[in-house]
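S.K.: Dumping the structure here so I can ask a few things about it.
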Amino acid sequence: MTKRFFFLFLLLSIHVCYAQDVRYYKLTRIQQNGSANRNVSGGQFITFSGNLCFESNNKGLSIGNGTLKKNNSYSNAQYTIYQGSSYWGNSTTFKFNADKSVLNVVLNNGDIYVYNRTSPPTGVTTSSLIRKNRSGSGNISNEYPPAQTPFMLQPSIQTQPSQPTGQSETQPRYVEKTYICTYCHGKGTVVDCDNSIVDYTGNKKYCNACGQYVPMNHVHKRCPSCHGKGTYTKMERAY
């Protein structure tokens, strides 16, 4: 009887640990180059499972945009940080407030998508932003559906048609600007865990980079976003 009770308790514990929490977040504004664009629409279902989260439908099934993992080093009592792959690419940061009622999607180029948790609109059963498949391939790509993208994330240089003789020619000019990488905050490295190191004693080591004692499998790896540079460049129009 005792063994049966223990087995049932174990199954219940596993179910609770991996229970999914599906929430709907409505897009309210986009911050780009210091200005806010509130003429936006759409929303994403976010499913939380353990220390992971991902974009999903209303049933908690992934829509193929990727998965983000909680970063305990950057999370605190005010914010919970998830980093990984999403609709916006492989170096996305999801920043939630304490009760996860507000979501900031922080992109590597500094743009921020602001979402508020709410009830999904009637008839909405899946996220509005889903990555497109490349034609002739079943692989998920990083292409953004033009009809769903509020604006171009990267400006493109376009050549203006030649003007008739006697009229001035106007052509936009772009300059390259350097920004601090928002993924590693300019450090060039990010905190990670070395799964090859197993320590059951609970011993800790001192990390000079963090300035504190950390678990034995604590390591710093090259930032996958800026590839160790700590910065990234972006072409912007010169006014």
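The chains in the structure tokens are called A, B, ... from first to last as shown; in each chain the residues are counted from 1, and the ligands are counted from 1 in the order shown.
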Excluding same-chain residues fewer than 2 positions from stretch 174-176 of chain A, what lies within 6 Å of it counting only C-alpha atoms, as a PDB file with N, CA and C atoms, in the first residue's frame?
M.R.:
```
ATOM      1  N   LYS A 234      24.357  48.718 -37.341  1.00  0.00           N
ATOM      2  CA  LYS A 234      23.054  48.852 -37.962  1.00  0.00           C
ATOM      3  C   LYS A 234      23.093  50.043 -38.914  1.00  0.00           C
ATOM      4  N   MET A 235      22.565  49.851 -40.107  1.00  0.00           N
ATOM      5  CA  MET A 235      22.490  50.938 -41.080  1.00  0.00           C
ATOM      6  C   MET A 235      21.261  51.789 -40.767  1.00  0.00           C
ATOM      7  N   GLU A 236      21.465  53.082 -40.593  1.00  0.00           N
ATOM      8  CA  GLU A 236      20.366  53.997 -40.307  1.00  0.00           C
ATOM      9  C   GLU A 236      20.420  55.184 -41.260  1.00  0.00           C
ATOM     10  N   ARG A 237      19.254  55.698 -41.542  1.00  0.00           N
ATOM     11  CA  ARG A 237      19.182  56.835 -42.463  1.00  0.00           C
ATOM     12  C   ARG A 237      19.706  58.097 -41.792  1.00  0.00           C
ATOM     13  N   ALA A 238      20.532  58.820 -42.516  1.00  0.00           N
ATOM     14  CA  ALA A 238      21.082  60.072 -42.006  1.00  0.00           C
ATOM     15  C   ALA A 238      20.192  61.232 -42.434  1.00  0.00           C
TER      16      ALA A 238
END
```
S.K.: Find the residues around A:Tyr213 up to 12 Å (only C-alpha atoms counted), leave out those fewer than 5 positions away in its own chain, and share them as a ChimeraX atom specification.
M.R.: /A:202-208,218-219
S.K.: Using only C-alpha atoms, can you tell me which of A:Ser119, A:Asn108, A:Gln31, A:Thr126 comes closest to A:Glu55?
M.R.: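 Closest residue, counting only C-alpha atoms: A:Thr126.
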S.K.: Out of A:Ser62, A:Thr178, A:Phe48, A:Asn217, which residue has the shortest atom-to-atom distance to A:Tyr82 when counting only C-alpha atoms?
M.R.: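 Counting only C-alpha atoms, the residue closest to A:Tyr82 is A:Phe48.
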S.K.: Find the distance between atom CA of A:Val40 and atom CA of A:Ser91 and write it in Å to one decimal.
M.R.: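 Between atom CA of A:Val40 and atom CA of A:Ser91 the gap works out to 23.0 Å.
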S.K.: To one decimal in Å, tell me the separation between atom CA of A:Tyr87 and atom CA of A:Thr189.
M.R.: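 Taking atom CA of A:Tyr87 as the start and atom CA of A:Thr189 as the end point, the length is 23.6 Å.
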S.K.: Applying 10 Å and only C-alpha atoms, which residues near A:Ile81 remain after dropping the ones on its own chain fewer than 2 positions away? List them as a PyMOL selection string.
M.R.: chain A and resi 68-76+79+83+93-97+103-104
S.K.: Between A:Asn39, A:Asn195, A:Thr28, A:Asn90, which one has atoms that come closest to A:Val114, using only C-alpha atoms?
M.R.: A:Thr28
S.K.: When you count only C-alpha atoms, which of these residues is closest to A:Ala77: A:Leu107, A:Ala98, A:Ala36, A:Val191?
M.R.: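 Among A:Leu107, A:Ala98, A:Ala36, A:Val191, it is A:Ala98 that comes nearest to A:Ala77.
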S.K.: Residues within 10 Å of stretch 224-230 of chain A, please, as a PyMOL selection string. Count only C-alpha atoms; anything in the same chain fewer than 6 positions from it doesn't count.
M.R.: chain A and resi 90-92+108+179-190
S.K.: Would you export the selected residues with N, CA and C atoms as a short mmCIF file (atom, residue, chain, number, x, y, z; two decimals), in the first residue's frame, please?
M.R.:
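The resulting part-v3.cif:
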```
data_model
loop_
_atom_site.label_atom_id
_atom_site.label_comp_id
_atom_site.auth_asym_id
_atom_site.auth_seq_id
_atom_site.Cartn_x
_atom_site.Cartn_y
_atom_site.Cartn_z
N ASN A 90 16.63 33.91 -33.60
CA ASN A 90 17.25 32.99 -32.66
C ASN A 90 17.90 33.69 -31.47
N SER A 91 17.88 35.02 -31.43
CA SER A 91 18.48 35.75 -30.31
C SER A 91 17.47 36.73 -29.72
N THR A 92 16.33 36.20 -29.32
CA THR A 92 15.24 37.02 -28.79
C THR A 92 15.24 36.98 -27.27
N ASN A 108 17.60 42.24 -30.91
CA ASN A 108 19.02 42.56 -30.86
C ASN A 108 19.33 43.94 -31.41
N TYR A 179 25.97 49.72 -31.85
CA TYR A 179 25.19 49.65 -30.63
C TYR A 179 25.70 48.51 -29.75
N ILE A 180 25.44 48.66 -28.45
CA ILE A 180 25.78 47.60 -27.51
C ILE A 180 24.85 46.41 -27.71
N CYS A 181 25.38 45.22 -27.73
CA CYS A 181 24.57 44.01 -27.89
C CYS A 181 23.65 43.87 -26.68
N THR A 182 22.34 43.77 -26.93
CA THR A 182 21.37 43.67 -25.83
C THR A 182 21.28 42.25 -25.28
N TYR A 183 21.88 41.29 -25.97
CA TYR A 183 21.83 39.90 -25.52
C TYR A 183 22.85 39.63 -24.42
N CYS A 184 24.08 40.15 -24.61
CA CYS A 184 25.13 39.95 -23.60
C CYS A 184 25.47 41.24 -22.88
N HIS A 185 24.76 42.34 -23.22
CA HIS A 185 24.98 43.66 -22.59
C HIS A 185 26.42 44.15 -22.77
N GLY A 186 26.99 43.86 -23.93
CA GLY A 186 28.31 44.36 -24.27
C GLY A 186 29.47 43.54 -23.72
N LYS A 187 29.19 42.47 -23.01
CA LYS A 187 30.27 41.67 -22.40
C LYS A 187 30.94 40.74 -23.41
N GLY A 188 30.23 40.35 -24.43
CA GLY A 188 30.79 39.42 -25.40
C GLY A 188 30.60 37.96 -25.02
N THR A 189 30.22 37.72 -23.77
CA THR A 189 29.97 36.35 -23.31
C THR A 189 28.66 36.31 -22.55
N VAL A 190 28.08 35.12 -22.46
CA VAL A 190 26.85 34.92 -21.71
C VAL A 190 27.04 33.75 -20.76
#
```
S.K.: Taking only C-alpha atoms into account, name the residue in A:Cys193, A:Val106, A:Ile130, A:Val198 that is nearest to A:Gly43.
M.R.: A:Ile130
S.K.: If I take atom CA of A:Asp199 and atom CA of A:Met216, how far is one from the other in Å, to one decimal?
M.R.: 6.8 Å
S.K.: For A:Thr125, which residue among A:Cys210, A:Ile30, A:Leu61, A:Cys223 is the nearest when counting only C-alpha atoms?
M.R.: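 Among the listed residues, the smallest separation from A:Thr125 belongs to A:Leu61.
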S.K.: Any idea what's packed within 10 Å of A:Tyr25, counting only C-alpha atoms, ignoring anything in its chain fewer than 6 positions away? Could you give it as a tab-separated table (two decimals) with all heavy atoms, in the first residue's frame?
M.R.:
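Printed below is part38.tsv as written:
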```
chain	number	residue	atom	x	y	z
A	42	GLY	N	-2.84	42.53	-33.14
A	42	GLY	CA	-2.36	41.16	-33.06
A	42	GLY	C	-2.00	40.76	-31.65
A	42	GLY	O	-2.01	41.59	-30.72
A	43	GLY	N	-1.69	39.51	-31.48
A	43	GLY	CA	-1.31	39.00	-30.16
A	43	GLY	C	-0.73	37.61	-30.27
A	43	GLY	O	-0.88	36.93	-31.29
A	44	GLN	N	-0.05	37.20	-29.20
A	44	GLN	CA	0.61	35.90	-29.16
A	44	GLN	C	0.14	35.09	-27.95
A	44	GLN	O	0.02	35.65	-26.84
A	44	GLN	CB	2.13	36.06	-29.08
A	44	GLN	CG	2.77	36.80	-30.25
A	44	GLN	CD	2.67	36.08	-31.57
A	44	GLN	OE1	1.74	36.33	-32.35
A	44	GLN	NE2	3.62	35.20	-31.84
A	45	PHE	N	-0.09	33.81	-28.15
A	45	PHE	CA	-0.27	32.89	-27.03
A	45	PHE	C	1.11	32.44	-26.58
A	45	PHE	O	1.92	31.99	-27.40
A	45	PHE	CB	-1.10	31.67	-27.46
A	45	PHE	CG	-2.57	31.93	-27.63
A	45	PHE	CD1	-3.10	32.18	-28.88
A	45	PHE	CD2	-3.41	31.93	-26.52
A	45	PHE	CE1	-4.45	32.42	-29.05
A	45	PHE	CE2	-4.78	32.17	-26.68
A	45	PHE	CZ	-5.30	32.42	-27.94
A	46	ILE	N	1.40	32.59	-25.30
A	46	ILE	CA	2.67	32.14	-24.74
A	46	ILE	C	2.39	31.01	-23.75
A	46	ILE	O	1.57	31.16	-22.85
A	46	ILE	CB	3.41	33.28	-24.01
A	46	ILE	CG1	3.58	34.49	-24.93
A	46	ILE	CG2	4.76	32.79	-23.50
A	46	ILE	CD1	4.46	34.25	-26.12
A	100	LYS	N	4.02	38.67	-14.63
A	100	LYS	CA	3.91	38.27	-16.04
A	100	LYS	C	2.68	38.86	-16.73
A	100	LYS	O	2.12	38.27	-17.65
A	100	LYS	CB	3.91	36.75	-16.17
A	100	LYS	CG	5.24	36.08	-15.86
A	100	LYS	CD	5.20	34.59	-16.18
A	100	LYS	CE	6.57	33.94	-16.04
A	100	LYS	NZ	7.06	33.93	-14.66
A	101	SER	N	2.26	40.04	-16.29
A	101	SER	CA	1.13	40.70	-16.96
A	101	SER	C	1.58	41.56	-18.13
A	101	SER	O	0.77	41.94	-18.98
A	101	SER	CB	0.36	41.58	-15.96
A	101	SER	OG	1.19	42.59	-15.42
A	102	VAL	N	2.87	41.87	-18.18
A	102	VAL	CA	3.43	42.68	-19.27
A	102	VAL	C	4.63	41.94	-19.84
A	102	VAL	O	5.48	41.43	-19.09
A	102	VAL	CB	3.85	44.07	-18.80
A	102	VAL	CG1	4.48	44.87	-19.95
A	102	VAL	CG2	2.66	44.84	-18.23
A	103	LEU	N	4.70	41.87	-21.16
A	103	LEU	CA	5.80	41.23	-21.87
A	103	LEU	C	6.48	42.24	-22.79
A	103	LEU	O	5.82	42.90	-23.58
A	103	LEU	CB	5.29	40.04	-22.69
A	103	LEU	CG	6.20	39.53	-23.82
A	103	LEU	CD1	7.51	38.99	-23.25
A	103	LEU	CD2	5.49	38.47	-24.65
A	114	VAL	N	5.87	45.67	-27.09
A	114	VAL	CA	5.25	45.67	-25.76
A	114	VAL	C	3.89	44.97	-25.85
A	114	VAL	O	3.02	45.37	-26.63
A	114	VAL	CB	5.08	47.10	-25.22
A	114	VAL	CG1	4.45	47.06	-23.83
A	114	VAL	CG2	6.43	47.82	-25.18
A	115	TYR	N	3.73	43.93	-25.04
A	115	TYR	CA	2.49	43.15	-24.99
A	115	TYR	C	1.90	43.22	-23.59
A	115	TYR	O	2.63	43.26	-22.60
A	115	TYR	CB	2.75	41.68	-25.33
A	115	TYR	CG	3.01	41.39	-26.79
A	115	TYR	CD1	4.27	41.59	-27.34
A	115	TYR	CD2	2.01	40.90	-27.62
A	115	TYR	CE1	4.53	41.30	-28.67
A	115	TYR	CE2	2.25	40.61	-28.95
A	115	TYR	CZ	3.51	40.81	-29.47
A	115	TYR	OH	3.75	40.53	-30.79
A	116	ASN	N	0.57	43.21	-23.51
A	116	ASN	CA	-0.14	43.15	-22.24
A	116	ASN	C	-1.00	41.89	-22.19
A	116	ASN	O	-1.68	41.57	-23.17
A	116	ASN	CB	-1.02	44.39	-22.03
A	116	ASN	CG	-0.22	45.61	-21.66
A	116	ASN	OD1	0.48	46.18	-22.48
A	116	ASN	ND2	-0.28	46.01	-20.41
A	117	ARG	N	-0.99	41.23	-21.04
A	117	ARG	CA	-1.78	40.02	-20.90
A	117	ARG	C	-3.26	40.37	-20.83
A	117	ARG	O	-3.67	41.30	-20.12
A	117	ARG	CB	-1.37	39.27	-19.63
A	117	ARG	CG	-2.12	37.95	-19.46
A	117	ARG	CD	-1.78	37.28	-18.15
A	117	ARG	NE	-2.55	36.04	-17.98
A	117	ARG	CZ	-2.55	35.31	-16.89
A	117	ARG	NH1	-1.83	35.69	-15.84
A	117	ARG	NH2	-3.26	34.20	-16.82
A	118	THR	N	-4.08	39.64	-21.57
A	118	THR	CA	-5.52	39.87	-21.59
A	118	THR	C	-6.21	38.59	-22.06
A	118	THR	O	-5.55	37.61	-22.39
A	118	THR	CB	-5.86	41.04	-22.54
A	118	THR	OG1	-7.25	41.31	-22.48
A	118	THR	CG2	-5.48	40.71	-23.97
A	119	SER	N	-7.51	38.62	-22.08
A	119	SER	CA	-8.25	37.48	-22.61
A	119	SER	C	-8.20	37.51	-24.13
A	119	SER	O	-8.29	38.58	-24.74
A	119	SER	CB	-9.71	37.53	-22.15
A	119	SER	OG	-9.79	37.47	-20.73
A	120	PRO	N	-8.04	36.36	-24.78
A	120	PRO	CA	-7.98	36.35	-26.24
A	120	PRO	C	-9.30	36.78	-26.86
A	120	PRO	O	-10.37	36.50	-26.31
A	120	PRO	CB	-7.66	34.89	-26.57
A	120	PRO	CG	-8.14	34.11	-25.39
A	120	PRO	CD	-7.92	35.01	-24.20
A	127	SER	N	-1.53	32.21	-32.34
A	127	SER	CA	-0.77	33.46	-32.37
A	127	SER	C	-0.86	34.10	-33.75
A	127	SER	O	-1.00	33.41	-34.77
A	127	SER	CB	0.69	33.20	-32.01
A	127	SER	OG	0.81	32.65	-30.71
```
S.K.: If you run DSSP on the backbone, which residues of stretch 18-126 of chain A are strand (DSSP E), as a ChimeraX atom specification?
M.R.: /A:20-32,35-37,43-49,52-56,68-70,79-86,89-97,102-106,112-117
